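Enquirer: Sharing model_8.pdb here; it has PDB, C-alpha atoms.
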```pdb
MODEL        1
ATOM      1  CA  MET A   3       7.699 -17.603 -19.877
ATOM      2  CA  THR A   4       5.378 -15.647 -22.179
ATOM      3  CA  GLU A   5       6.548 -13.183 -24.817
ATOM      4  CA  GLU A   6       5.240 -10.450 -22.513
ATOM      5  CA  ALA A   7       8.063 -11.028 -20.018
ATOM      6  CA  ASP A   8      11.707 -10.975 -21.052
ATOM      7  CA  ALA A   9      14.581 -12.979 -19.619
ATOM      8  CA  LEU A  10      15.274 -10.934 -16.480
ATOM      9  CA  GLN A  11      15.196 -12.935 -13.266
ATOM     10  CA  LEU A  12      12.997 -11.346 -10.603
ATOM     11  CA  GLY A  13      13.319 -11.767  -6.853
ATOM     12  CA  TRP A  14      10.679 -10.907  -4.273
ATOM     13  CA  LEU A  15      11.349 -10.260  -0.601
ATOM     14  CA  GLY A  16       8.265 -10.188   1.636
ATOM     15  CA  THR A  17       5.248 -12.266   0.634
ATOM     16  CA  GLY A  18       2.630 -11.078   3.083
ATOM     17  CA  ARG A  19      -0.872 -10.327   1.809
ATOM     18  CA  MET A  20       0.229  -7.374  -0.296
ATOM     19  CA  GLY A  21       3.470  -8.898  -1.554
ATOM     20  CA  ALA A  22       1.810 -12.189  -2.432
ATOM     21  CA  ALA A  23      -0.902 -10.434  -4.450
ATOM     22  CA  MET A  24       1.740  -8.620  -6.506
ATOM     23  CA  VAL A  25       3.813 -11.778  -7.048
ATOM     24  CA  ARG A  26       0.710 -13.558  -8.351
ATOM     25  CA  ARG A  27       0.316 -10.884 -11.015
ATOM     26  CA  LEU A  28       3.930 -11.282 -12.139
ATOM     27  CA  LEU A  29       3.526 -15.055 -12.298
ATOM     28  CA  ALA A  30       0.333 -14.665 -14.326
ATOM     29  CA  HIS A  31       2.353 -12.639 -16.824
ATOM     30  CA  GLY A  32       4.852 -15.489 -17.140
ATOM     31  CA  CYS A  33       7.678 -13.900 -15.170
ATOM     32  CA  ASP A  34      10.410 -15.966 -13.544
ATOM     33  CA  VAL A  35      10.100 -15.068  -9.847
ATOM     34  CA  THR A  36      12.162 -16.265  -6.875
ATOM     35  CA  VAL A  37      10.658 -15.498  -3.470
ATOM     36  CA  TYR A  38      11.723 -15.319   0.161
ATOM     37  CA  ASN A  39       9.596 -14.784   3.230
ATOM     38  CA  ARG A  40      10.645 -14.960   6.863
ATOM     39  CA  THR A  41       7.668 -17.268   7.493
ATOM     40  CA  ALA A  42       8.332 -19.852   4.801
ATOM     41  CA  ALA A  43       4.772 -21.224   4.819
ATOM     42  CA  LYS A  44       3.478 -17.960   3.360
ATOM     43  CA  ALA A  45       5.491 -18.588   0.194
ATOM     44  CA  VAL A  46       4.108 -22.088  -0.413
ATOM     45  CA  PRO A  47       0.984 -20.974  -2.360
ATOM     46  CA  LEU A  48       3.239 -18.945  -4.664
ATOM     47  CA  VAL A  49       5.495 -21.929  -5.276
ATOM     48  CA  GLU A  50       2.396 -23.879  -6.280
ATOM     49  CA  LEU A  51       1.762 -21.169  -8.883
ATOM     50  CA  GLY A  52       5.270 -21.423 -10.313
ATOM     51  CA  ALA A  53       7.523 -19.315  -8.098
ATOM     52  CA  THR A  54      10.812 -20.619  -6.723
ATOM     53  CA  ALA A  55      11.399 -20.275  -2.966
ATOM     54  CA  VAL A  56      14.815 -19.805  -1.349
ATOM     55  CA  GLY A  57      15.896 -20.260   2.241
ATOM     56  CA  SER A  58      17.763 -16.998   2.805
ATOM     57  CA  ILE A  59      17.501 -13.383   1.726
ATOM     58  CA  SER A  60      21.032 -13.325   0.329
ATOM     59  CA  GLU A  61      20.103 -15.966  -2.251
ATOM     60  CA  LEU A  62      17.894 -13.377  -3.945
ATOM     61  CA  ALA A  63      21.009 -11.334  -4.762
ATOM     62  CA  ALA A  64      21.585 -13.491  -7.837
ATOM     63  CA  CYS A  65      18.424 -12.040  -9.400
ATOM     64  CA  ASP A  66      18.523  -9.089 -11.795
ATOM     65  CA  ILE A  67      15.756  -7.138 -10.037
ATOM     66  CA  VAL A  68      14.643  -7.681  -6.438
ATOM     67  CA  PHE A  69      11.324  -6.276  -5.247
ATOM     68  CA  THR A  70      10.709  -5.690  -1.550
ATOM     69  CA  ALA A  71       7.429  -5.292   0.338
ATOM     70  CA  LEU A  72       8.192  -4.899   4.038
ATOM     71  CA  SER A  73       6.433  -3.362   7.034
ATOM     72  CA  THR A  74       8.825  -0.934   8.715
ATOM     73  CA  PRO A  75      11.954   1.115   8.006
ATOM     74  CA  ALA A  76      13.922  -1.104  10.398
ATOM     75  CA  ASP A  77      12.795  -4.213   8.503
ATOM     76  CA  LEU A  78      13.896  -2.676   5.200
ATOM     77  CA  ILE A  79      17.334  -1.639   6.433
ATOM     78  CA  SER A  80      17.964  -4.991   8.111
ATOM     79  CA  ALA A  81      16.666  -7.115   5.220
ATOM     80  CA  LEU A  82      18.724  -5.309   2.602
ATOM     81  CA  THR A  83      21.910  -4.259   4.394
ATOM     82  CA  GLY A  84      22.069  -6.298   7.609
ATOM     83  CA  PRO A  85      24.502  -9.147   8.371
ATOM     84  CA  GLU A  86      22.092 -11.683   6.855
ATOM     85  CA  GLY A  87      20.585  -9.295   4.355
ATOM     86  CA  LEU A  88      20.388  -9.129   0.596
ATOM     87  CA  ILE A  89      23.937  -7.891   0.000
ATOM     88  CA  SER A  90      25.581  -9.797   2.862
ATOM     89  CA  GLY A  91      27.201 -12.254   0.432
ATOM     90  CA  GLY A  92      29.282 -11.691  -2.647
ATOM     91  CA  ALA A  93      26.450 -10.981  -5.093
ATOM     92  CA  SER A  94      24.213  -7.945  -5.594
ATOM     93  CA  PRO A  95      21.218  -7.450  -7.899
ATOM     94  CA  LYS A  96      21.288  -4.747 -10.559
ATOM     95  CA  ILE A  97      18.174  -3.058  -9.176
ATOM     96  CA  VAL A  98      16.136  -3.134  -5.964
ATOM     97  CA  VAL A  99      12.545  -1.904  -6.216
ATOM     98  CA  ASP A 100      11.133  -1.134  -2.783
ATOM     99  CA  CYS A 101       7.333  -1.102  -2.671
ATOM    100  CA  SER A 102       7.148  -0.417   1.083
ATOM    101  CA  THR A 103       5.929   2.766   2.767
ATOM    102  CA  VAL A 104       8.926   3.966   4.762
ATOM    103  CA  SER A 105      10.532   7.272   5.643
ATOM    104  CA  ALA A 106      12.756   9.112   3.197
ATOM    105  CA  ASP A 107      15.588   8.914   5.749
ATOM    106  CA  ALA A 108      15.460   5.114   5.910
ATOM    107  CA  SER A 109      15.249   4.917   2.131
ATOM    108  CA  SER A 110      18.273   7.185   1.762
ATOM    109  CA  ILE A 111      20.318   4.974   4.102
ATOM    110  CA  VAL A 112      19.490   1.906   2.037
ATOM    111  CA  ARG A 113      20.127   3.730  -1.238
ATOM    112  CA  GLU A 114      23.626   4.746  -0.164
ATOM    113  CA  ARG A 115      24.606   1.271   1.031
ATOM    114  CA  LEU A 116      23.257  -0.426  -2.085
ATOM    115  CA  ALA A 117      25.066   2.053  -4.324
ATOM    116  CA  GLU A 118      28.357   0.993  -2.731
ATOM    117  CA  ARG A 119      27.698  -2.437  -4.233
ATOM    118  CA  GLY A 120      26.629  -1.092  -7.624
ATOM    119  CA  THR A 121      22.905  -1.662  -7.004
ATOM    120  CA  ALA A 122      20.368   1.015  -7.925
ATOM    121  CA  LEU A 123      17.402   1.601  -5.626
ATOM    122  CA  LEU A 124      13.991   2.562  -6.937
ATOM    123  CA  ALA A 125      11.597   3.850  -4.296
ATOM    124  CA  ALA A 126       8.230   2.579  -5.543
ATOM    125  CA  PRO A 127       5.613   2.819  -2.789
ATOM    126  CA  VAL A 128       2.316   1.462  -4.059
ATOM    127  CA  MET A 129      -1.180   2.871  -3.742
ATOM    128  CA  GLY A 130      -3.725   0.172  -3.025
ATOM    129  CA  ASN A 131      -4.268  -2.988  -1.008
ATOM    130  CA  PRO A 132      -4.367  -6.699  -1.913
ATOM    131  CA  LYS A 133      -7.886  -6.518  -3.323
ATOM    132  CA  VAL A 134      -6.972  -3.476  -5.406
ATOM    133  CA  VAL A 135      -3.899  -5.356  -6.691
ATOM    134  CA  GLU A 136      -6.018  -8.382  -7.606
ATOM    135  CA  ALA A 137      -8.383  -6.128  -9.544
ATOM    136  CA  GLY A 138      -5.481  -4.665 -11.492
ATOM    137  CA  ARG A 139      -6.065  -1.151 -10.096
ATOM    138  CA  MET A 140      -2.865  -0.677  -8.083
ATOM    139  CA  THR A 141      -0.721   2.354  -8.915
ATOM    140  CA  ALA A 142       2.750   3.416  -7.827
ATOM    141  CA  ALA A 143       4.971   6.468  -7.662
ATOM    142  CA  VAL A 144       8.608   5.741  -8.479
ATOM    143  CA  SER A 145      11.808   7.710  -7.881
ATOM    144  CA  GLY A 146      15.455   6.933  -8.394
ATOM    145  CA  PRO A 147      17.833   6.605 -11.362
ATOM    146  CA  ARG A 148      15.936   7.036 -14.620
ATOM    147  CA  ASP A 149      17.757   4.212 -16.401
ATOM    148  CA  ALA A 150      16.856   1.810 -13.595
ATOM    149  CA  PHE A 151      13.221   2.901 -13.868
ATOM    150  CA  ASP A 152      13.240   2.277 -17.612
ATOM    151  CA  THR A 153      14.461  -1.273 -16.972
ATOM    152  CA  ALA A 154      11.936  -2.021 -14.219
ATOM    153  CA  GLU A 155       8.935  -0.201 -15.709
ATOM    154  CA  PRO A 156       7.551  -3.174 -17.689
ATOM    155  CA  TYR A 157       7.327  -5.237 -14.505
ATOM    156  CA  LEU A 158       5.884  -2.383 -12.462
ATOM    157  CA  THR A 159       3.238  -1.938 -15.136
ATOM    158  CA  MET A 160       2.294  -5.607 -14.828
ATOM    159  CA  LEU A 161       1.449  -5.005 -11.162
ATOM    160  CA  GLY A 162      -1.421  -2.600 -11.749
ATOM    161  CA  SER A 163      -2.954   0.166 -13.785
ATOM    162  CA  GLY A 164       0.040   2.453 -14.066
ATOM    163  CA  VAL A 165       3.211   3.853 -12.574
ATOM    164  CA  THR A 166       4.443   7.446 -12.473
ATOM    165  CA  TYR A 167       8.105   8.397 -12.467
ATOM    166  CA  VAL A 168       8.367  11.438 -10.187
ATOM    167  CA  GLY A 169      12.111  12.135 -10.175
ATOM    168  CA  GLU A 170      15.352  11.250  -8.425
ATOM    169  CA  GLY A 171      16.075  10.195  -4.857
ATOM    170  CA  GLU A 172      13.274   9.774  -2.339
ATOM    171  CA  LEU A 173      10.560  11.904  -3.981
ATOM    172  CA  ALA A 174       8.240   8.904  -4.369
ATOM    173  CA  ARG A 175       8.181   8.525  -0.570
ATOM    174  CA  ILE A 176       6.697  12.006  -0.260
ATOM    175  CA  VAL A 177       4.131  11.258  -2.965
ATOM    176  CA  LYS A 178       2.948   8.196  -1.052
ATOM    177  CA  LEU A 179       2.719  10.075   2.247
ATOM    178  CA  CYS A 180       0.725  12.866   0.589
ATOM    179  CA  HIS A 181      -1.551  10.233  -0.948
ATOM    180  CA  ASN A 182      -2.235   8.560   2.402
ATOM    181  CA  LEU A 183      -2.772  11.854   4.208
ATOM    182  CA  PHE A 184      -5.452  12.687   1.659
ATOM    183  CA  LEU A 185      -6.912   9.180   1.903
ATOM    184  CA  GLY A 186      -7.304   9.506   5.687
ATOM    185  CA  VAL A 187      -8.903  12.943   5.410
ATOM    186  CA  ILE A 188     -11.438  11.665   2.866
ATOM    187  CA  ALA A 189     -12.285   8.614   4.978
ATOM    188  CA  ALA A 190     -12.844  10.690   8.117
ATOM    189  CA  SER A 191     -15.000  13.239   6.293
ATOM    190  CA  MET A 192     -16.956  10.472   4.599
ATOM    191  CA  ALA A 193     -17.764   8.965   8.004
ATOM    192  CA  GLU A 194     -18.995  12.300   9.376
ATOM    193  CA  ILE A 195     -21.330  13.105   6.515
ATOM    194  CA  THR A 196     -22.665   9.545   6.410
ATOM    195  CA  ILE A 197     -23.581   9.677  10.101
ATOM    196  CA  LEU A 198     -25.218  13.078   9.569
ATOM    197  CA  ALA A 199     -27.338  11.536   6.817
ATOM    198  CA  GLN A 200     -28.278   8.582   9.034
ATOM    199  CA  ALA A 201     -29.164  10.878  11.930
ATOM    200  CA  SER A 202     -31.522  12.627   9.526
ATOM    201  CA  GLY A 203     -33.334   9.386   8.670
ATOM    202  CA  ILE A 204     -31.478   8.372   5.499
ATOM    203  CA  SER A 205     -30.003   4.901   5.155
ATOM    204  CA  ARG A 206     -26.263   4.750   4.735
ATOM    205  CA  GLU A 207     -26.714   2.671   1.598
ATOM    206  CA  ALA A 208     -28.982   5.252  -0.048
ATOM    207  CA  PHE A 209     -26.798   8.205   0.919
ATOM    208  CA  LEU A 210     -23.546   6.647  -0.289
ATOM    209  CA  SER A 211     -25.196   5.432  -3.488
ATOM    210  CA  CYS A 212     -26.159   9.030  -4.239
ATOM    211  CA  LEU A 213     -22.722  10.367  -3.297
ATOM    212  CA  ASN A 214     -20.927   7.813  -5.455
ATOM    213  CA  LYS A 215     -23.007   8.798  -8.496
ATOM    214  CA  SER A 216     -22.182  12.482  -8.009
ATOM    215  CA  VAL A 217     -19.145  14.469  -9.117
ATOM    216  CA  VAL A 218     -17.505  13.983  -5.696
ATOM    217  CA  GLY A 219     -17.780  10.216  -5.835
ATOM    218  CA  SER A 220     -14.529   8.380  -6.554
ATOM    219  CA  GLN A 221     -13.029   4.942  -6.813
ATOM    220  CA  PHE A 222     -12.054   5.296  -3.154
ATOM    221  CA  THR A 223     -15.509   6.309  -1.868
ATOM    222  CA  ARG A 224     -17.060   3.454  -3.830
ATOM    223  CA  TYR A 225     -14.484   1.041  -2.477
ATOM    224  CA  LYS A 226     -15.141   2.017   1.151
ATOM    225  CA  SER A 227     -18.936   2.113   0.838
ATOM    226  CA  PRO A 228     -19.578  -1.596   1.605
ATOM    227  CA  ALA A 229     -17.644  -1.284   4.883
ATOM    228  CA  TYR A 230     -19.516   1.867   5.887
ATOM    229  CA  VAL A 231     -22.896   0.335   5.016
ATOM    230  CA  ASN A 232     -22.386  -3.182   6.383
ATOM    231  CA  LEU A 233     -19.820  -2.420   9.128
ATOM    232  CA  ASP A 234     -17.249  -4.857   7.786
ATOM    233  CA  PHE A 235     -13.951  -3.792   9.326
ATOM    234  CA  GLU A 236     -11.898  -6.743   8.116
ATOM    235  CA  PRO A 237      -8.537  -5.042   7.640
ATOM    236  CA  THR A 238      -7.328  -4.014   4.231
ATOM    237  CA  PHE A 239      -5.275  -1.251   5.899
ATOM    238  CA  THR A 240      -5.364  -0.971   9.672
ATOM    239  CA  SER A 241      -5.806   2.146  11.749
ATOM    240  CA  LYS A 242      -2.349   1.615  13.250
ATOM    241  CA  LEU A 243      -0.764   1.564   9.803
ATOM    242  CA  LEU A 244      -2.649   4.706   8.819
ATOM    243  CA  ARG A 245      -1.425   6.360  12.028
ATOM    244  CA  LYS A 246       2.155   5.453  11.068
ATOM    245  CA  ASP A 247       1.741   7.165   7.701
ATOM    246  CA  PHE A 248       0.208  10.249   9.315
ATOM    247  CA  ASP A 249       3.132  10.357  11.756
ATOM    248  CA  LEU A 250       5.548  10.302   8.811
ATOM    249  CA  GLY A 251       3.531  12.748   6.729
ATOM    250  CA  LEU A 252       3.128  15.329   9.459
ATOM    251  CA  ALA A 253       6.819  15.029  10.311
ATOM    252  CA  ALA A 254       7.627  15.796   6.666
ATOM    253  CA  ALA A 255       5.301  18.810   6.818
ATOM    254  CA  ARG A 256       7.002  20.141   9.963
ATOM    255  CA  GLU A 257      10.414  19.719   8.348
ATOM    256  CA  ARG A 258       9.261  21.809   5.389
ATOM    257  CA  GLU A 259       7.260  24.327   7.497
ATOM    258  CA  VAL A 260       4.011  23.432   5.721
ATOM    259  CA  PRO A 261       0.893  23.879   7.895
ATOM    260  CA  MET A 262      -1.454  20.867   7.804
ATOM    261  CA  PRO A 263      -4.398  21.835  10.040
ATOM    262  CA  VAL A 264      -6.928  19.434   8.505
ATOM    263  CA  ALA A 265      -4.540  16.486   8.511
ATOM    264  CA  ALA A 266      -3.574  17.281  12.113
ATOM    265  CA  VAL A 267      -7.195  16.960  13.231
ATOM    266  CA  VAL A 268      -7.589  13.677  11.352
ATOM    267  CA  HIS A 269      -4.383  12.455  12.988
ATOM    268  CA  GLN A 270      -6.096  12.836  16.358
ATOM    269  CA  LEU A 271      -9.183  11.025  15.059
ATOM    270  CA  ILE A 272      -6.951   8.134  14.008
ATOM    271  CA  GLN A 273      -5.363   8.156  17.451
ATOM    272  CA  GLY A 274      -8.895   7.930  18.804
ATOM    273  CA  LEU A 275      -9.499   4.813  16.710
ATOM    274  CA  VAL A 276      -6.429   3.164  18.190
ATOM    275  CA  GLY A 277      -7.381   4.240  21.719
ATOM    276  CA  ARG A 278     -10.914   2.869  21.333
ATOM    277  CA  GLY A 279      -9.625  -0.560  20.320
ATOM    278  CA  TYR A 280      -9.909  -0.187  16.539
ATOM    279  CA  GLY A 281      -6.148  -0.183  15.923
ATOM    280  CA  ASP A 282      -5.954  -3.604  14.305
ATOM    281  CA  VAL A 283      -9.077  -3.353  12.156
ATOM    282  CA  ASP A 284      -9.660  -1.420   8.967
ATOM    283  CA  PHE A 285      -9.687   2.360   9.284
ATOM    284  CA  ALA A 286     -13.266   2.233   7.971
ATOM    285  CA  ALA A 287     -13.957   2.044  11.715
ATOM    286  CA  PHE A 288     -14.088   5.852  11.409
ATOM    287  CA  ILE A 289     -17.833   5.296  10.878
ATOM    288  CA  ALA A 290     -18.192   3.511  14.246
ATOM    289  CA  GLN A 291     -16.215   6.167  16.096
ATOM    290  CA  GLU A 292     -18.276   8.978  14.585
ATOM    291  CA  ALA A 293     -21.525   7.174  15.475
ATOM    292  CA  GLN A 294     -20.380   6.729  19.068
ATOM    293  CA  SER A 295     -19.525  10.426  19.281
ATOM    294  CA  ALA A 296     -22.999  11.255  17.959
ATOM    295  CA  GLY A 297     -24.720   8.857  20.363
ATOM    296  CA  ILE A 298     -25.988   6.692  17.510
ATOM    297  CA  THR A 299     -26.103   2.904  17.603
ATOM    298  CA  LEU A 300     -25.001   1.340  14.340
ATOM    299  CA  ASP A 301     -26.274  -1.886  12.818
ATOM    300  CA  SER A 302     -25.259  -3.479   9.565
ATOM    301  CA  GLU A 303     -27.711  -2.700   6.789
ATOM    302  CA  HIS A 304     -26.921  -6.051   5.105
ATOM    303  CA  ALA A 305     -27.172  -4.391   1.716
ATOM    304  CA  GLU A 306     -25.690  -5.445  -1.592
ATOM    305  CA  VAL A 307     -23.176  -2.671  -2.241
ATOM    306  CA  SER A 308     -20.586  -2.765  -5.012
ATOM    307  CA  ASP A 309     -17.037  -1.836  -4.105
ATOM    308  CA  GLY A 310     -16.393  -0.712  -7.670
ATOM    309  CA  LEU A 311     -13.581  -3.211  -8.184
ATOM    310  CA  ASP A 312     -14.106  -5.571 -11.071
ATOM    311  CA  PRO A 313     -11.125  -7.935 -11.329
ATOM    312  CA  GLU A 314      -9.180  -7.724 -14.561
ATOM    313  CA  GLU A 315      -7.204 -10.550 -16.050
ATOM    314  CA  PRO A 316      -3.559  -9.545 -16.454
TER     315      PRO A 316
ENDMDL
END
```
Go through the file and emit its structure as structure tokens.

Expert:
Amino acid sequence: MTEEADALQLGWLGTGRMGAAMVRRLLAHGCDVTVYNRTAAKAVPLVELGATAVGSISELAACDIVFTALSTPADLISALTGPEGLISGGASPKIVVDCSTVSADASSIVRERLAERGTALLAAPVMGNPKVVEAGRMTAAVSGPRDAFDTAEPYLTMLGSGVTYVGEGELARIVKLCHNLFLGVIAASMAEITILAQASGISREAFLSCLNKSVVGSQFTRYKSPAYVNLDFEPTFTSKLLRKDFDLGLAAAREREVPMPVAAVVHQLIQGLVGRGYGDVDFAAFIAQEAQSAGITLDSEHAEVSDGLDPEEP
């Protein structure tokens, strides 16, 4: 273990593409990490890098801090509080840091049950995807007990370019939903204007190069540009997952009586992606849907386009 990491034992539950990318960063920093994944084979590459694998979720309870990266609210509740879950045995970790995108209601259920065992929950939904994590650009909003955040912050900082403590309870869940609502709106608008440019005789590569150099260009528009130019819809975040976040975000808006007219329209565009067969590919398929609506046939431009992500060594 390097001087950068102290003696706390870390556990990690859920080593899919996103979880595995984050574990690799912790291992690179010299952290002692124990991992569990329902499909054991997915943990093997991490073991080869120095992680320790266990055969059951409850074995992670001996760790000081357990991170979770799971797909659905039901998965989170079952994995942490179910009959074979994290606290199903006699032990409980000091802190659970949940990096999943789930509803505030599900998070609150887990928080209450963990508290009964003396375990603090930090809601820490992350902003980014595996490639963003690998480049050291991932960020996270975190909510929960401040003392638990102070303990976990060094490890959260190792995962990316910064974390923001936003308050108690489930506030971080709302931050993440707001983030993804905005992300979807930008992606849909970006597809529309790019197709307008193409319909006017401008290559997608030239238009997006100009946009990315302007004041409205961003890390996100640069990151999505290669997919829009070369029609690479290999999933980093699928249309179905984006639809899930829009479902949750718009439900939160209804609960708080906040009108979301722009997001509501984009929600229907995302539903269109799923209905057209783009549900399991990257939501960059917005560009294909917009072209179809405009009666334009798209071809890859096979251009060298930077995604703006230069990997950083941890």

Enquirer: Could you tell me, as a PyMOL selection string, exactly which residues end up selected when the PyMOL selection byres ((chain A and resi 60) around 9) is applied to this structure?

Expert: chain A and resi 57-59+61-64+82+86-94

Enquirer: For the file shown, report as a PyMOL selection string the outcome of the PyMOL selection byres ((chain A and resi 13-22) around 7) at residue level.

Expert: chain A and resi 11-12+23-26+35-39+44-45+62+65+67-72+131-132

Enquirer: Here is a test: counting only C-alpha atoms, which residue of A:Ser102, A:Ser109, A:Thr238, A:Ser302 is nearest to A:Ala126?

Expert: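 Closest candidate: A:Ser102.
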
Enquirer: I want to know what sits within 12 Å of stretch 208-225 of chain A, based on all atoms listed in the file, with residues of the same chain fewer than 4 positions away left out; could you give that as a ChimeraX atom specification?

Expert: /A:129-131,133-134,137,139-140,181-182,184-193,195-204,229-232,238,286,303,305-312

Enquirer: Using all atoms listed in the file, find the one residue out of A:Gly279, A:Gly120, A:Pro95, A:Pro127 that sits nearest to A:Lys178.

Expert: A:Pro127

Enquirer: Would you please work out which residue, of A:Thr41, A:Val135, A:Thr153, A:Gln294, is nearest to A:Ala55 when using only C-alpha atoms?

Expert: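 Among the listed residues, A:Thr41 lies closest to A:Ala55.
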
Enquirer: Interatomic distance between atom CA of A:Val99 and atom CA of A:Glu50?

Expert: 24.2 Å

Enquirer: Which residues are close to A:Ser295, i.e. within 12 Å by only C-alpha atoms, leaving aside same-chain residues fewer than 2 positions away? Reply as a PDB file with C-alpha atoms, keeping the file's coordinate frame.

Expert:
```pdb
ATOM      1  CA  ALA A 193     -17.764   8.965   8.004  1.00  0.00           C
ATOM      2  CA  GLU A 194     -18.995  12.300   9.376  1.00  0.00           C
ATOM      3  CA  ILE A 197     -23.581   9.677  10.101  1.00  0.00           C
ATOM      4  CA  LEU A 198     -25.218  13.078   9.569  1.00  0.00           C
ATOM      5  CA  LEU A 271      -9.183  11.025  15.059  1.00  0.00           C
ATOM      6  CA  GLY A 274      -8.895   7.930  18.804  1.00  0.00           C
ATOM      7  CA  LEU A 275      -9.499   4.813  16.710  1.00  0.00           C
ATOM      8  CA  ARG A 278     -10.914   2.869  21.333  1.00  0.00           C
ATOM      9  CA  PHE A 288     -14.088   5.852  11.409  1.00  0.00           C
ATOM     10  CA  ILE A 289     -17.833   5.296  10.878  1.00  0.00           C
ATOM     11  CA  ALA A 290     -18.192   3.511  14.246  1.00  0.00           C
ATOM     12  CA  GLN A 291     -16.215   6.167  16.096  1.00  0.00           C
ATOM     13  CA  GLU A 292     -18.276   8.978  14.585  1.00  0.00           C
ATOM     14  CA  ALA A 293     -21.525   7.174  15.475  1.00  0.00           C
ATOM     15  CA  GLY A 297     -24.720   8.857  20.363  1.00  0.00           C
ATOM     16  CA  ILE A 298     -25.988   6.692  17.510  1.00  0.00           C
ATOM     17  CA  THR A 299     -26.103   2.904  17.603  1.00  0.00           C
ATOM     18  CA  LEU A 300     -25.001   1.340  14.340  1.00  0.00           C
TER      19      LEU A 300
END
```

Enquirer: Report, in Å with one decimal, the straight-line distance from atom CA of A:Tyr157 to atom CA of A:Val104.

Expert: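 For atom CA of A:Tyr157 relative to atom CA of A:Val104, the distance reads 21.4 Å.
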
Enquirer: Calculate how many Å separate atom CA of A:Leu243 from atom CA of A:Val267, rounding to one decimal.

Expert: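 Separation of atom CA of A:Leu243 and atom CA of A:Val267: 17.0 Å.
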
Enquirer: For each of A:Ala43, A:Ala53, A:Ala265, A:Val168, take the minimum atom-to-atom distance to A:Ala30, counting all atoms listed in the file, then give the residue where this is smallest.

Expert: A:Ala53

Enquirer: Taking the file above as input, evaluate the PyMOL selection byres ((chain A and resi 246) around 12) and report the hits as a list in words.

Expert: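 Selected by the PyMOL selection byres ((chain A and resi 246) around 12) here: Ser73, Thr74, Pro75, Thr103, Val104, Ser105, Leu179, Asn182, Leu183, Gly186, Phe239, Thr240, Ser241, Lys242, Leu243, Leu244, Arg245, Asp247, Phe248, Asp249, Leu250, Gly251, Leu252, Ala253, His269, Ile272, Gln273, Val276 and Gly281 of chain A.
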
Enquirer: For C-alpha atoms, I'd like the residues from the last selection saved as a compact mmCIF listing (two decimals), in the coordinates of the input.

Expert:
```
# COMPACT_ATOMS: atom_id res chain seq x y z
CA SER A 73 6.43 -3.36 7.03
CA THR A 74 8.82 -0.93 8.72
CA PRO A 75 11.95 1.12 8.01
CA THR A 103 5.93 2.77 2.77
CA VAL A 104 8.93 3.97 4.76
CA SER A 105 10.53 7.27 5.64
CA LEU A 179 2.72 10.07 2.25
CA ASN A 182 -2.24 8.56 2.40
CA LEU A 183 -2.77 11.85 4.21
CA GLY A 186 -7.30 9.51 5.69
CA PHE A 239 -5.28 -1.25 5.90
CA THR A 240 -5.36 -0.97 9.67
CA SER A 241 -5.81 2.15 11.75
CA LYS A 242 -2.35 1.62 13.25
CA LEU A 243 -0.76 1.56 9.80
CA LEU A 244 -2.65 4.71 8.82
CA ARG A 245 -1.42 6.36 12.03
CA ASP A 247 1.74 7.16 7.70
CA PHE A 248 0.21 10.25 9.32
CA ASP A 249 3.13 10.36 11.76
CA LEU A 250 5.55 10.30 8.81
CA GLY A 251 3.53 12.75 6.73
CA LEU A 252 3.13 15.33 9.46
CA ALA A 253 6.82 15.03 10.31
CA HIS A 269 -4.38 12.46 12.99
CA ILE A 272 -6.95 8.13 14.01
CA GLN A 273 -5.36 8.16 17.45
CA VAL A 276 -6.43 3.16 18.19
CA GLY A 281 -6.15 -0.18 15.92
```

Enquirer: Between A:Cys180, A:Glu207, A:Glu172, A:Ser80, which one has atoms that come closest to A:Lys226, using all atoms listed in the file?

Expert: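 Of the candidates, the smallest distance to A:Lys226 is held by A:Glu207.
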